[in-house]
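The data block below is coords-v7.txt; it holds compact mmCIF, C-alpha atoms.
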# COMPACT_ATOMS: atom_id res chain seq x y z
CA MET A 1 -9.37 -25.84 8.52
CA LYS A 2 -6.27 -26.36 10.48
CA LYS A 3 -3.48 -23.92 10.49
CA HIS A 4 0.11 -23.47 11.49
CA PRO A 5 2.31 -20.45 12.16
CA ILE A 6 5.46 -22.13 10.87
CA ARG A 7 5.90 -23.03 7.23
CA HIS A 8 5.11 -26.65 6.45
CA VAL A 9 8.12 -28.77 5.52
CA SER A 10 7.24 -30.85 2.52
CA GLY A 11 8.99 -34.10 1.66
CA SER A 12 8.66 -37.81 2.12
CA PHE A 13 7.77 -37.50 5.81
CA SER A 14 4.11 -36.53 5.63
CA ARG A 15 1.84 -35.19 8.33
CA ARG A 16 0.09 -38.54 8.44
CA ASP A 17 3.46 -40.26 8.89
CA PHE A 18 4.22 -37.86 11.71
CA LEU A 19 0.96 -38.69 13.47
CA ARG A 20 1.82 -42.39 13.34
CA ALA A 21 5.42 -41.87 14.43
CA SER A 22 4.45 -39.71 17.39
CA GLY A 23 1.69 -42.05 18.55
CA ILE A 24 -1.04 -39.46 17.99
CA THR A 25 -4.28 -41.04 16.86
CA ALA A 26 -6.47 -39.26 14.34
CA LEU A 27 -10.07 -40.04 15.22
CA THR A 28 -12.38 -39.41 12.31
CA VAL A 29 -16.06 -38.67 12.28
CA GLY A 30 -17.14 -41.47 10.03
CA GLY A 31 -19.76 -40.76 7.40
CA MET A 32 -20.36 -37.27 8.65
CA THR A 33 -22.84 -35.16 6.76
CA VAL A 34 -22.18 -31.56 7.64
CA LEU A 35 -23.32 -28.12 6.68
CA ALA A 36 -20.26 -26.05 7.48
CA ALA A 37 -19.59 -22.42 6.79
CA CYS A 38 -17.01 -19.71 6.72
CA GLY A 39 -16.93 -17.62 9.84
CA PRO A 40 -17.10 -13.84 10.04
CA ALA A 41 -14.04 -11.73 9.47
CA ALA A 42 -11.76 -11.55 12.49
CA GLN A 43 -12.54 -8.71 14.82
CA SER A 44 -9.92 -6.75 16.66
CA GLY A 45 -8.76 -7.96 20.04
CA GLY A 46 -5.47 -9.70 19.39
CA ALA A 47 -3.77 -7.96 22.31
CA LEU A 48 -4.10 -9.81 25.56
CA ALA A 49 -5.87 -7.27 27.71
CA GLY A 50 -5.82 -8.36 31.30
CA SER A 51 -3.64 -11.42 30.62
CA SER A 52 -0.32 -11.68 32.33
CA PRO A 53 2.31 -14.06 30.92
CA THR A 54 2.26 -16.46 33.83
CA ALA A 55 3.72 -19.88 33.19
CA SER A 56 1.20 -22.35 31.83
CA ALA A 57 3.50 -25.36 32.05
CA ASP A 58 2.43 -26.70 35.42
CA SER A 59 1.82 -30.42 35.64
CA ASP A 60 2.08 -30.60 39.43
CA SER A 61 -0.92 -31.67 41.40
CA SER A 62 -2.98 -29.00 43.08
CA PRO A 63 -3.65 -29.18 46.81
CA SER A 64 -6.79 -31.17 46.04
CA GLY A 65 -4.71 -33.69 44.12
CA SER A 66 -6.18 -32.85 40.71
CA LEU A 67 -4.17 -32.11 37.57
CA LYS A 68 -4.02 -28.51 36.46
CA LEU A 69 -2.86 -26.11 33.79
CA GLY A 70 -1.81 -22.53 34.49
CA ASP A 71 -3.17 -21.35 37.81
CA GLY A 72 -5.33 -24.45 38.19
CA THR A 73 -8.51 -22.37 38.32
CA THR A 74 -9.05 -20.59 34.99
CA LEU A 75 -8.25 -22.43 31.76
CA ARG A 76 -7.20 -19.83 29.17
CA VAL A 77 -8.08 -21.24 25.76
CA GLY A 78 -6.37 -19.64 22.77
CA MET A 79 -8.40 -19.27 19.54
CA GLU A 80 -9.32 -16.79 16.80
CA ALA A 81 -13.03 -16.71 17.70
CA ALA A 82 -13.53 -15.95 14.01
CA TYR A 83 -13.44 -19.37 12.35
CA ALA A 84 -16.94 -20.85 12.38
CA PRO A 85 -17.97 -23.56 12.88
CA TYR A 86 -14.81 -24.32 14.85
CA ASN A 87 -14.91 -21.11 16.89
CA TRP A 88 -16.62 -17.74 16.60
CA GLN A 89 -17.61 -14.69 18.65
CA GLU A 90 -21.07 -14.09 20.14
CA PRO A 91 -22.47 -10.95 21.83
CA SER A 92 -24.25 -12.80 24.62
CA ALA A 93 -23.76 -15.80 26.89
CA SER A 94 -25.49 -19.15 26.44
CA ASP A 95 -25.09 -22.76 27.53
CA THR A 96 -22.65 -23.33 24.67
CA THR A 97 -20.41 -20.26 25.10
CA ILE A 98 -17.49 -19.24 27.27
CA PRO A 99 -16.38 -15.64 28.02
CA ILE A 100 -13.67 -14.06 25.87
CA GLU A 101 -11.19 -12.77 28.42
CA ASN A 102 -9.68 -9.99 26.31
CA VAL A 103 -12.83 -8.73 24.53
CA SER A 104 -15.26 -7.00 26.89
CA GLY A 105 -18.80 -8.37 26.80
CA ALA A 106 -17.98 -11.01 24.17
CA TYR A 107 -18.29 -14.80 24.23
CA ALA A 108 -16.91 -17.66 22.16
CA ASP A 109 -18.88 -20.57 20.72
CA GLY A 110 -18.09 -23.38 18.31
CA TYR A 111 -16.86 -26.94 18.08
CA ASP A 112 -13.47 -26.12 19.62
CA VAL A 113 -15.26 -24.42 22.50
CA GLN A 114 -17.36 -27.50 23.26
CA VAL A 115 -14.24 -29.67 23.44
CA ALA A 116 -12.42 -27.08 25.55
CA LYS A 117 -15.32 -27.01 28.00
CA ARG A 118 -15.08 -30.78 28.45
CA ILE A 119 -11.33 -30.58 29.01
CA ALA A 120 -11.76 -27.78 31.55
CA ASP A 121 -14.43 -29.75 33.38
CA ALA A 122 -12.17 -32.81 33.59
CA LEU A 123 -9.41 -30.63 35.07
CA GLY A 124 -11.79 -28.91 37.49
CA MET A 125 -11.20 -25.52 35.87
CA LYS A 126 -13.31 -22.72 34.40
CA PRO A 127 -12.65 -22.08 30.68
CA VAL A 128 -12.27 -18.63 29.13
CA ALA A 129 -11.30 -17.86 25.55
CA VAL A 130 -8.35 -15.64 24.71
CA LYS A 131 -8.87 -14.16 21.26
CA MET A 132 -5.84 -13.61 19.02
CA GLU A 133 -4.56 -14.11 15.50
CA PHE A 134 -3.92 -17.72 14.60
CA GLY A 135 -0.27 -17.10 13.82
CA GLY A 136 0.41 -16.00 17.40
CA LEU A 137 -1.15 -18.95 19.20
CA VAL A 138 1.90 -21.21 19.59
CA ASP A 139 4.15 -18.36 20.77
CA SER A 140 1.48 -17.29 23.26
CA LEU A 141 1.29 -20.85 24.57
CA VAL A 142 5.06 -21.09 24.96
CA ASN A 143 5.16 -17.67 26.66
CA GLY A 144 2.45 -18.65 29.16
CA GLN A 145 -0.19 -16.19 27.95
CA ILE A 146 -2.60 -19.07 27.31
CA ASP A 147 -2.84 -22.55 28.80
CA ILE A 148 -4.19 -24.54 25.86
CA ILE A 149 -4.91 -24.12 22.15
CA CYS A 150 -8.27 -25.32 20.83
CA ALA A 151 -8.48 -23.48 17.54
CA GLY A 152 -8.80 -25.77 14.54
CA MET A 153 -5.05 -26.37 14.71
CA SER A 154 -3.30 -29.45 13.31
CA VAL A 155 -0.19 -31.02 14.72
CA THR A 156 2.86 -30.76 12.44
CA ASP A 157 6.43 -31.88 12.99
CA GLU A 158 7.53 -28.25 13.38
CA ARG A 159 4.78 -27.29 15.83
CA ALA A 160 5.52 -30.39 17.89
CA GLN A 161 8.97 -28.94 18.58
CA SER A 162 7.31 -26.17 20.59
CA ALA A 163 4.20 -27.78 22.10
CA ASP A 164 2.63 -31.13 22.90
CA PHE A 165 -0.47 -32.08 20.92
CA SER A 166 -3.50 -34.17 21.81
CA ASN A 167 -5.26 -36.81 19.80
CA SER A 168 -7.47 -35.42 17.06
CA TYR A 169 -11.01 -34.48 18.03
CA ILE A 170 -12.24 -34.07 14.45
CA ASP A 171 -10.63 -34.55 11.02
CA ASP A 172 -10.85 -32.38 7.94
CA GLU A 173 -9.30 -32.37 4.45
CA VAL A 174 -7.96 -29.59 2.22
CA ILE A 175 -9.78 -29.27 -1.12
CA MET A 176 -9.84 -26.83 -4.05
CA VAL A 177 -12.84 -24.69 -4.99
CA VAL A 178 -13.51 -22.68 -8.17
CA LYS A 179 -16.42 -20.93 -9.86
CA GLN A 180 -18.61 -23.20 -11.95
CA ASP A 181 -17.88 -21.18 -15.09
CA SER A 182 -14.14 -21.10 -14.43
CA PRO A 183 -11.75 -22.36 -17.14
CA TYR A 184 -10.40 -24.60 -14.37
CA ALA A 185 -13.80 -26.12 -13.52
CA GLY A 186 -12.94 -29.35 -15.35
CA ALA A 187 -9.59 -29.86 -13.64
CA THR A 188 -8.83 -33.35 -12.38
CA LYS A 189 -5.20 -32.95 -11.26
CA LEU A 190 -3.00 -30.27 -9.74
CA GLN A 191 -1.13 -29.95 -13.04
CA ASP A 192 -4.33 -28.58 -14.59
CA PHE A 193 -3.94 -25.50 -12.37
CA SER A 194 -0.59 -24.57 -13.91
CA GLY A 195 -0.61 -20.80 -14.37
CA ALA A 196 -3.71 -20.32 -12.20
CA SER A 197 -3.89 -17.71 -9.45
CA VAL A 198 -4.64 -19.57 -6.20
CA LEU A 199 -5.40 -18.03 -2.80
CA GLY A 200 -5.26 -19.46 0.73
CA GLN A 201 -5.43 -18.26 4.31
CA LYS A 202 -2.33 -16.78 5.89
CA ASP A 203 -0.31 -18.88 8.38
CA THR A 204 -2.19 -22.05 7.47
CA PHE A 205 -1.69 -25.41 5.87
CA TYR A 206 -4.21 -24.24 3.27
CA ASP A 207 -1.70 -21.66 2.06
CA ASP A 208 1.36 -23.90 2.24
CA LEU A 209 -0.15 -26.64 0.07
CA ILE A 210 -0.57 -24.22 -2.84
CA ASP A 211 3.16 -24.52 -3.58
CA GLN A 212 2.58 -28.14 -4.64
CA ILE A 213 0.75 -26.87 -7.76
CA PRO A 214 3.17 -26.73 -10.72
CA ASN A 215 3.81 -23.21 -12.07
CA VAL A 216 1.12 -21.76 -9.83
CA ASN A 217 0.64 -18.04 -9.28
CA HIS A 218 0.62 -18.26 -5.49
CA LEU A 219 -1.17 -15.13 -4.35
CA THR A 220 -0.31 -13.37 -1.11
CA PRO A 221 -2.45 -15.10 1.53
CA VAL A 222 -5.19 -13.23 3.39
CA ALA A 223 -5.99 -13.20 7.09
CA THR A 224 -9.39 -14.90 7.27
CA VAL A 225 -11.52 -17.49 5.48
CA PRO A 226 -14.19 -14.93 4.49
CA LEU A 227 -11.48 -12.92 2.74
CA VAL A 228 -10.37 -16.06 0.90
CA VAL A 229 -13.92 -16.61 -0.37
CA ASP A 230 -14.25 -12.92 -1.24
CA GLY A 231 -11.14 -13.24 -3.37
CA LEU A 232 -12.71 -16.00 -5.42
CA MET A 233 -16.08 -14.30 -5.76
CA SER A 234 -14.51 -10.98 -6.80
CA GLY A 235 -12.29 -12.59 -9.41
CA THR A 236 -9.04 -11.80 -7.61
CA CYS A 237 -8.09 -15.46 -7.89
CA ASP A 238 -9.00 -18.48 -10.02
CA ALA A 239 -9.19 -20.99 -7.19
CA ILE A 240 -8.96 -21.28 -3.42
CA THR A 241 -7.97 -23.97 -0.97
CA PHE A 242 -10.77 -24.77 1.45
CA SER A 243 -12.13 -27.07 4.17
CA SER A 244 -13.92 -30.24 3.09
CA LEU A 245 -16.11 -30.17 6.19
CA SER A 246 -17.08 -26.57 5.47
CA LEU A 247 -17.89 -27.15 1.80
CA PRO A 248 -21.63 -27.98 1.98
CA ARG A 249 -22.48 -24.70 3.71
CA LEU A 250 -20.18 -22.77 1.36
CA LEU A 251 -22.00 -24.18 -1.67
CA LYS A 252 -25.34 -23.38 -0.06
CA ASP A 253 -24.31 -19.76 0.46
CA TYR A 254 -22.48 -19.49 -2.88
CA PRO A 255 -24.22 -21.83 -5.36
CA THR A 256 -22.04 -20.69 -8.27
CA LEU A 257 -19.00 -22.38 -6.73
CA LYS A 258 -17.92 -25.99 -7.04
CA ARG A 259 -15.42 -28.42 -5.59
CA ILE A 260 -12.68 -29.74 -7.84
CA GLY A 261 -12.57 -33.52 -7.83
CA LEU A 262 -8.89 -34.40 -8.08
CA ALA A 263 -8.12 -37.89 -9.34
CA GLU A 264 -6.44 -40.46 -7.09
CA GLY A 265 -2.74 -39.69 -6.88
CA GLU A 266 -3.16 -36.34 -8.65
CA GLY A 267 -3.91 -34.19 -5.62
CA PHE A 268 -1.92 -32.78 -2.72
CA THR A 269 0.73 -34.99 -1.15
CA ASP A 270 -1.15 -35.09 2.15
CA ALA A 271 -4.36 -33.09 2.44
CA SER A 272 -5.41 -34.51 5.82
CA ASN A 273 -6.17 -31.87 8.41
CA PRO A 274 -6.80 -33.08 11.98
CA ASP A 275 -7.92 -30.83 14.82
CA ASN A 276 -5.63 -31.19 17.82
CA ALA A 277 -5.43 -29.39 21.15
CA ALA A 278 -1.99 -28.18 22.24
CA ILE A 279 -0.41 -27.51 25.63
CA ALA A 280 3.05 -26.44 26.75
CA LYS A 281 5.65 -29.20 26.81
CA GLY A 282 6.49 -31.26 29.87
CA GLN A 283 2.95 -31.95 31.11
CA ASP A 284 2.55 -35.61 30.21
CA ALA A 285 -0.02 -36.40 32.90
CA VAL A 286 -2.21 -33.49 31.84
CA LEU A 287 -1.90 -34.45 28.18
CA ALA A 288 -2.94 -38.01 29.03
CA LYS A 289 -6.01 -36.65 30.81
CA ILE A 290 -6.87 -34.47 27.81
CA ASN A 291 -6.57 -37.46 25.50
CA GLU A 292 -8.80 -39.44 27.82
CA VAL A 293 -11.46 -36.73 27.48
CA ILE A 294 -11.13 -36.61 23.70
CA ASP A 295 -11.13 -40.38 23.23
CA ALA A 296 -14.33 -40.64 25.28
CA ILE A 297 -16.22 -38.59 22.65
CA SER A 298 -17.69 -41.14 20.24
CA ASP A 299 -17.96 -40.57 16.50
CA ASP A 300 -21.73 -40.20 16.84
CA GLU A 301 -21.34 -37.61 19.57
CA ARG A 302 -18.78 -35.70 17.54
CA GLN A 303 -21.16 -35.57 14.63
CA SER A 304 -23.98 -34.41 16.89
CA MET A 305 -21.75 -31.66 18.33
CA TRP A 306 -20.66 -30.60 14.85
CA ASP A 307 -24.20 -30.51 13.49
CA ALA A 308 -25.34 -28.42 16.45
CA CYS A 309 -22.56 -25.92 15.77
CA MET A 310 -23.63 -25.80 12.12
CA ASP A 311 -27.16 -24.98 13.17
CA ARG A 312 -26.25 -22.06 15.40
CA GLN A 313 -23.16 -20.58 13.73
CA PRO A 314 -23.45 -17.04 12.38
CA ALA A 315 -24.53 -16.62 8.76

Go ahead and express the file in the form of structure tokens.
Amino acid sequence: MKKHPIRHVSGSFSRRDFLRASGITALTVGGMTVLAACGPAAQSGGALAGSSPTASADSDSSPSGSLKLGDGTTLRVGMEAAYAPYNWQEPSASDTTIPIENVSGAYADGYDVQVAKRIADALGMKPVAVKMEFGGLVDSLVNGQIDIICAGMSVTDERAQSADFSNSYIDDEVIMVVKQDSPYAGATKLQDFSGASVLGQKDTFYDDLIDQIPNVNHLTPVATVPLVVDGLMSGTCDAITFSSLSLPRLLKDYPTLKRIGLAEGEGFTDASNPDNAAIAKGQDAVLAKINEVIDAISDDERQSMWDACMDRQPA
């Protein structure tokens, strides 16, 4: 589920068009069978304890001749650490985790973390997570509080004005989910949700797309995916927007829910949702190196990484 802190600008220039125009390649995980899930509610720790706003835009070579971000030693990776299977918080270290710099004794795991570790290794740096709300990630990158974003974030035309984005390292799609006994369970087009109360996650593409539903009752978005699901289960809303990759695990945990199959041409204008890393602008050589790392991960390896995250993510 990819998110953005700036409202999405709808119109004829779609996110997919933007990817093509900017030369960013969306690399899909073909035929992926996944068991994804909603992560735990976000824990406190948005303040950057121990992080000074040093400039992260540094594309100069280090004395050893290697490319670097930030101080060239520690790669500060911005994420929520509350969005499984992309990223989540763990109480102990393992081969798949990295320390969370601003949460004492905590570690981050997830698909984003595995990609961040590969990027850090290619740059000769040690990765640490910096936990914060999703809506503050881009500003923190621009201000130099983090060096890179690996957080289930998609490139948009607005975000690209503030940061440079990598190729996609996994691709998702926004879907709609309802209860099986819902009066909207038989919907086949967005028009069928006219008058429905629909809920999405705050500061995300999932929330912005809701406005494409005619005459929708667009509920005030909530902070985390678990709260979105809670809204549907409690009857606060009639439908939610959700991650296609995360659907199988959701239906396993909540068997009374179902995906709405929208007919061709009757869904959202562009529901594609790539996962891109972001760095501060003006670091073309570093960005090229990051893309080299991402492009080297085959579809099969991406699926294997994803499945492993599904297996170990928190319930």

field: Distance criterion (only C-alpha atoms): nearest to Asn273 in chain A out of A:Val155, A:Ala187, A:Ala308, A:Val128
entry: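 Result for the nearest residue to Asn273 in chain A: A:Val155.
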
field: Pick from A:Gly105, A:Pro91, A:Gly70, A:Pro214 nearest to Lys126 in chain A, counting all atoms listed in the file
entry: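 Ranked by minimum distance to Lys126 in chain A, first place goes to A:Gly70.
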
- prompt: What separation in Å, quoted to one decimal, exists between CA of Met310 in chain A and CA of Asp295 in chain A?
  reply: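 Computing the Euclidean distance for CA of Met310 in chain A and CA of Asp295 in chain A yields 22.2 Å.
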
message: Applying 12 Å and all atoms listed in the file, which residues near Gly152 in chain A remain after dropping the ones on its own chain fewer than 4 positions away? List them as a VMD selection string.
response: chain A and resid 1 to 4 78 to 88 110 to 113 115 to 116 134 137 168 to 172 204 to 205 243 245 273 to 278

task: Name the residues in contact with Asp192 in chain A at a cut-off of 12 Å, using all atoms listed in the file, excluding same-chain residues fewer than 6 positions from it; report them as a list in words.
output: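 The residues that qualify are Pro183, Tyr184, Ala185, Gly186, Ile213, Pro214, Asn215, Val216, Ala239, Ile260, Gly261, Leu262, Ala263, Glu266 and Gly267 of chain A.
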